[in-house]
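Working notes for the structure below.
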Amino acid sequence: MTQRSRPLSPHLQVYRLPLTAVVSILHRMTGVLLTLGLILFVISLAQIQEGASAFKAMQSLIQHPLAELSIWLMIYAVFFHLCHGIRHLFWDMGEGYEKILMNYYLILELFGSIACTGLSYLFVHLPGGAS
Amino acid sequence: MSFKTPLAKARGLGSARSGTRHWWVQRVTAVALIPLSFWLILFVKQLFQSSYIEISHWLASPFNSVLLLAWAFVGFYHGALGLQVVIEDYISSEGLKISLIWSIKLIFFTAALSSLVFVMRIVGSVG
């Protein structure tokens with residue numbers, strides 16, 4: 001059997017994915033993760049409607065450093081999904097396909113999501129404004 | 001040997017004509033969720049900083065109850081549409097695919113309804 005050199009599709013194990021592709025799969029992964037976050041959101045409401053003691057128990061639980069870290073990772077996932085989602089909306093309008101600008105938009109959305117998470121962290125922990 | 005017509009086989013497996021609406025509603029809910037996500041941060045602040053009395057009154061105000069329910073319903077809708085696409089992409093068995101999509105829609109609908117009931121109970125407790 002003669003060997004003919006045919007074009008090969010990229011071997012995913014050795015092919016270094018472009019950053020846009022990495023972000024694209026992260027968009028999907030954060031989306032799946034955030035549906036779990038929505039369930040947690042409903043559970044927190046369940047605790048509030050249960051009464052004062054249930055709410056206090058939940059509040060001390062979420063103030064545990066590990067629990068709070070997971071909440072902030074979840075909020076980062078919200079903003080990451082939001083920022084990349086905005087790029088999808090531009091793509092759907094037929095804008096933002098310039099190849100040389102791909103990584104520029106990527107930095108923009110990563111910076112945007114980190115900034116939104118940081119500002120939210122400050123807002124949540126600054127005194128005042130609650131109630 | 002099957003005596004079913006091709007149309008009968010295709011029935012119940014999802015119409016080939018409903019994709020556009022799915023795609024469009026996914027975008028509409030996405031846009032709605034942009035401002036609603038910032039409301040979520042207000043809610044998180046309440047979770048961390050407020051007493052029980054404070055958070056109940058905060059949630060019972062019309063502004064916050066409405067935004068909460070908008071967040072929950074639009075969020076679950078968007079999530080169900082998104083998970084449906086993920087399932088359709090990765091699950092090839094037709095029966096498993098459809099039962100997973102239906103289960104997720106049922107669970108998310110119930111969860112969204114629960115948030116409505118919980119908010120009503122919180123509003124009722126504030127009086």
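Within each chain, counting starts at residue 1; across the structure tokens, chains are named A, B, ... in the order shown, with ligands numbered 1 upward in that order.
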Quick one: contact table of chain A to chain B, 8 Å max, nearest atom pair and distance in Å to one decimal per residue, counting only C-alpha atoms, chain and number order, as JSON lines?
```
{"residue": "A:Arg28", "atom": "CA", "partner": "B:Val86", "partner_atom": "CA", "distance": 7.9}
{"residue": "A:Gly31", "atom": "CA", "partner": "B:Gly82", "partner_atom": "CA", "distance": 7.3}
{"residue": "A:Val32", "atom": "CA", "partner": "B:Leu83", "partner_atom": "CA", "distance": 6.6}
{"residue": "A:Leu34", "atom": "CA", "partner": "B:Gly79", "partner_atom": "CA", "distance": 8.0}
{"residue": "A:Thr35", "atom": "CA", "partner": "B:Gly79", "partner_atom": "CA", "distance": 5.8}
{"residue": "A:Leu38", "atom": "CA", "partner": "B:Phe76", "partner_atom": "CA", "distance": 7.2}
{"residue": "A:Ile39", "atom": "CA", "partner": "B:Ala111", "partner_atom": "CA", "distance": 7.1}
{"residue": "A:Val42", "atom": "CA", "partner": "B:Ser115", "partner_atom": "CA", "distance": 5.8}
{"residue": "A:Leu45", "atom": "CA", "partner": "B:Phe118", "partner_atom": "CA", "distance": 6.3}
{"residue": "A:Ala46", "atom": "CA", "partner": "B:Phe118", "partner_atom": "CA", "distance": 6.2}
{"residue": "A:Ile48", "atom": "CA", "partner": "B:Ile122", "partner_atom": "CA", "distance": 7.4}
{"residue": "A:Gln49", "atom": "CA", "partner": "B:Ile122", "partner_atom": "CA", "distance": 5.2}
{"residue": "A:Gly51", "atom": "CA", "partner": "B:Tyr52", "partner_atom": "CA", "distance": 7.8}
{"residue": "A:Ala52", "atom": "CA", "partner": "B:Tyr52", "partner_atom": "CA", "distance": 5.5}
{"residue": "A:Phe55", "atom": "CA", "partner": "B:Tyr52", "partner_atom": "CA", "distance": 6.5}
{"residue": "A:Lys56", "atom": "CA", "partner": "B:Tyr52", "partner_atom": "CA", "distance": 7.3}
{"residue": "A:Gln59", "atom": "CA", "partner": "B:Phe48", "partner_atom": "CA", "distance": 6.5}
{"residue": "A:Ile62", "atom": "CA", "partner": "B:Phe48", "partner_atom": "CA", "distance": 7.7}
{"residue": "A:Gln63", "atom": "CA", "partner": "B:Phe48", "partner_atom": "CA", "distance": 7.3}
{"residue": "A:Val78", "atom": "CA", "partner": "B:Ser37", "partner_atom": "CA", "distance": 7.5}
{"residue": "A:Leu82", "atom": "CA", "partner": "B:Ile34", "partner_atom": "CA", "distance": 6.6}
{"residue": "A:Gly85", "atom": "CA", "partner": "B:Ala30", "partner_atom": "CA", "distance": 7.5}
{"residue": "A:Leu89", "atom": "CA", "partner": "B:Arg27", "partner_atom": "CA", "distance": 7.3}
{"residue": "A:Ser120", "atom": "CA", "partner": "B:Ile41", "partner_atom": "CA", "distance": 6.5}
{"residue": "A:Phe123", "atom": "CA", "partner": "B:Lys45", "partner_atom": "CA", "distance": 7.5}
{"residue": "A:Val124", "atom": "CA", "partner": "B:Lys45", "partner_atom": "CA", "distance": 4.5}
{"residue": "A:His125", "atom": "CA", "partner": "B:Lys45", "partner_atom": "CA", "distance": 7.4}
{"residue": "A:Ala130", "atom": "CA", "partner": "B:Gln46", "partner_atom": "CA", "distance": 5.9}
{"residue": "A:Ser131", "atom": "CA", "partner": "B:Glu54", "partner_atom": "CA", "distance": 5.3}
```
**OP:** With a distance cut-off of 10 Å and only C-alpha atoms, select the neighbouring residues of Leu100 of chain B, excluding the residue or stretch itself and same-chain residues fewer than 5 positions from it, and output the selection as an NGL selection string.
**Re:** :B and (83-84 or 87-88 or 91 or 94-95 or 105-106)
**OP:** Fewer than 6 positions away in the same chain doesn't count, so skip those; otherwise give me all residues within 10 Å of Val23 of chain A, counting only C-alpha atoms, as JSON, numbers by chain.
**Re:** {"A": [17, 29, 80, 81, 84, 106, 110]}
Would you mind exporting N, CA and C atoms of the selected residues as a PDB file, in the first residue's frame?
```pdb
ATOM      1  N   LEU A  17      -3.981  24.924  20.927  1.00  0.00           N
ATOM      2  CA  LEU A  17      -5.180  25.656  20.548  1.00  0.00           C
ATOM      3  C   LEU A  17      -4.916  27.152  20.584  1.00  0.00           C
ATOM      4  N   MET A  29     -17.794  26.056  29.461  1.00  0.00           N
ATOM      5  CA  MET A  29     -17.635  25.459  30.791  1.00  0.00           C
ATOM      6  C   MET A  29     -18.190  26.370  31.886  1.00  0.00           C
ATOM      7  N   PHE A  80     -16.871  36.615  33.388  1.00  0.00           N
ATOM      8  CA  PHE A  80     -16.166  36.080  32.219  1.00  0.00           C
ATOM      9  C   PHE A  80     -17.161  35.703  31.129  1.00  0.00           C
ATOM     10  N   HIS A  81     -18.213  34.985  31.551  1.00  0.00           N
ATOM     11  CA  HIS A  81     -19.250  34.557  30.609  1.00  0.00           C
ATOM     12  C   HIS A  81     -19.950  35.775  30.003  1.00  0.00           C
ATOM     13  N   HIS A  84     -17.334  37.592  27.502  1.00  0.00           N
ATOM     14  CA  HIS A  84     -17.180  36.855  26.255  1.00  0.00           C
ATOM     15  C   HIS A  84     -18.515  36.775  25.512  1.00  0.00           C
ATOM     16  N   LEU A 106      -9.566  39.638  23.295  1.00  0.00           N
ATOM     17  CA  LEU A 106      -9.449  38.675  24.378  1.00  0.00           C
ATOM     18  C   LEU A 106      -8.904  39.339  25.641  1.00  0.00           C
ATOM     19  N   LEU A 110     -10.814  39.711  29.208  1.00  0.00           N
ATOM     20  CA  LEU A 110     -10.216  39.199  30.447  1.00  0.00           C
ATOM     21  C   LEU A 110     -10.049  40.338  31.452  1.00  0.00           C
TER      22      LEU A 110
END
```
Subject >> Expected answer as a PyMOL selection string: helix (DSSP H, G or I) residues in chain B >> reply: chain B and resi 6-10+19-49+52-60+62-90+94-126
Original post:
So how many Å separate atom CA of Ser113 of chain A and atom CA of Arg16 of chain A, to one decimal?
Top reply: 24.3 Å
Subject >> d(atom CA of Phe79 of chain A, atom CA of Leu81 of chain B) in Å >> reply: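 Value for the atom CA of Phe79 of chain A-atom CA of Leu81 of chain B distance: 19.0 Å.
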Original post:
Separation of atom CA of Lys9 of chain B and atom CA of Arg21 of chain B, in Å?
Top reply: 23.0 Å
I'd like the contact shell of Lys99 of chain A - 12 Å cut-off, only C-alpha atoms, skipping same-chain residues fewer than 5 positions apart - returned as a compact mmCIF listing (two decimals) with C-alpha atoms, in the first residue's frame.
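Contents of selection-v7.txt, freshly written:
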```txt
# COMPACT_ATOMS: atom_id res chain seq x y z
CA PRO A 18 -5.32 29.36 19.71
CA THR A 20 -9.67 32.27 21.13
CA TYR A 104 -6.76 42.25 21.56
CA TYR A 105 -10.47 41.60 22.20
CA LEU A 106 -9.45 38.67 24.38
```
